[in-house]
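Undergrad: Take a look at this one; I'll ask things after.
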Amino acid sequence: MKTIMVDMDDVLTYGSFTKILDDYLGYHYNYDTVKTYYIQDILGDKKEDFFMKFKDMNMYENATLLPDCYDVLKELSKYYKIYICTDYIWREITQYAGNNLRNKYNFLYEKLDFIEPKNYIFTCDKSVVNCDIKIDDKVSNIEGAKTKLLFTAWHNRDLRDEELKEKNIIRVNNWLEIGAILLEDFK
Ligand SMILES: [Mg+2]
């Protein structure tokens with residue numbers, strides 16, 4: 001059985017962090033203008049104040065899976081070994097990142113009942129994970145896989161098709177596209 005590494009934030013679930021940022025700022029920020037991967041950089045000198053409030057919040061409290069994610073992953077789990085691999089470290093407040101780890105674990109446990117907790121991988125260095133297929137929104141996280149699927153997000157939208165092709169990366173915009181690619185051989 002081939003193995004798939006699936007990222008969590010902005011692949012399984014989307015938008016919970018930006019909602020918290022908006023609540024903190026008191027207005028809806030136009031995230032289309034953001035180019036940086038660590039979106040909290042928009043806060044500038046308010047970052048420290050934000051994180052002191054943020055450390056006790058659960059980003060996943062009201063989070064949902066992206067459309068079709070559950071059904072496609074469940075179907076994939078019949079033909080592949082699936083590992084959910086997610087970075088839980090809050091770089092600004094590493095001493096509190098254990099809260100994030102617990103919240104992530106609980107979200108996965110509740111939402112993906114067909115994936116065993118032993119298949120969760122919590123690390124910020126995904127290069128140590130050796131899977132045939134990797135699905136992530138960060139280019140550096142999918143390097144090394146035989147099949148590399150880049151999930152579209154604000155910070156990778158500007159990568160051109162030719163650039164991706166050179167790196168043997170396939171762009172995917174939703175879970176139906178992932179299913180179409182990875183289930184093709186099993187129809
Ligand atoms: Mg991600």
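The chains in the structure tokens are called A, B, ... from first to last as shown; in each chain the residues are counted from 1, and the ligands are counted from 1 in the order shown.
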If we count only C-alpha atoms, what is near Ile42 of chain A at a cut-off of 12 Å, once residues fewer than 5 positions away on the same chain are taken out, given as a list of chain:residue names?
TA: A:Thr18, A:Leu21, A:Asp22, A:Leu25, A:Tyr29, A:Asn30, A:Tyr31, A:Thr33, A:Val34, A:Lys35, A:Thr36, A:Tyr37, A:Lys47, A:Phe50
Undergrad: For Lys53 of chain A, list every protein, DNA or RNA residue within 12 Å, evaluated using only C-alpha atoms, and leave out those in the same chain fewer than 4 positions away; present the list as an MDAnalysis selection string.
TA: chainID A and resid 20:21 23:24 46:49 57:58 93 96
Undergrad: Would you put the residues from that selection into a file with C-alpha atoms, as a CSV table (one decimal), in the first residue's frame?
TA:
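As a result, selection_5.csv now contains:
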chain,number,residue,atom,x,y,z
A,20,ILE,CA,-9.2,35.0,15.1
A,21,LEU,CA,-7.0,37.7,13.5
A,23,ASP,CA,-11.6,39.4,15.7
A,24,TYR,CA,-8.5,40.8,17.2
A,46,LYS,CA,0.9,44.2,18.0
A,47,LYS,CA,2.2,40.6,17.6
A,48,GLU,CA,3.2,40.1,21.2
A,49,ASP,CA,-0.1,41.5,22.6
A,57,MET,CA,-7.6,30.1,22.3
A,58,ASN,CA,-8.6,26.9,20.5
A,93,ILE,CA,5.2,31.5,21.9
A,96,TYR,CA,2.5,27.4,24.9
Undergrad: Please return as a PyMOL selection string the residues found within 8 Å of ligand 1, counting only C-alpha atoms and all ligand atoms.
TA: chain A and resi 7-11+86+136-138
Undergrad: Kindly indicate which residue among A:Ile135, A:Leu43, A:Ala63, A:Ile178 lies nearest to Met5 of chain A, using only C-alpha atoms for the distances.
TA: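 Of A:Ile135, A:Leu43, A:Ala63, A:Ile178, the one nearest Met5 of chain A, counting only C-alpha atoms, is A:Ile135.
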Undergrad: Can you tell me which residues surround segment 101-115 of chain A at a distance of at most 9 Å, considering only C-alpha atoms, apart from same-chain residues fewer than 5 positions away, and format the answer as a list in words?
TA: Met8, Asn58, Met59, Tyr60, Glu61, Ala63, Thr64, Leu65, Tyr70, Leu73, Lys74, Ser77, Ile82, Tyr83, Ile84, Thr86, Asp87, Tyr88, Ile89, Tyr120 and Phe122 of chain A
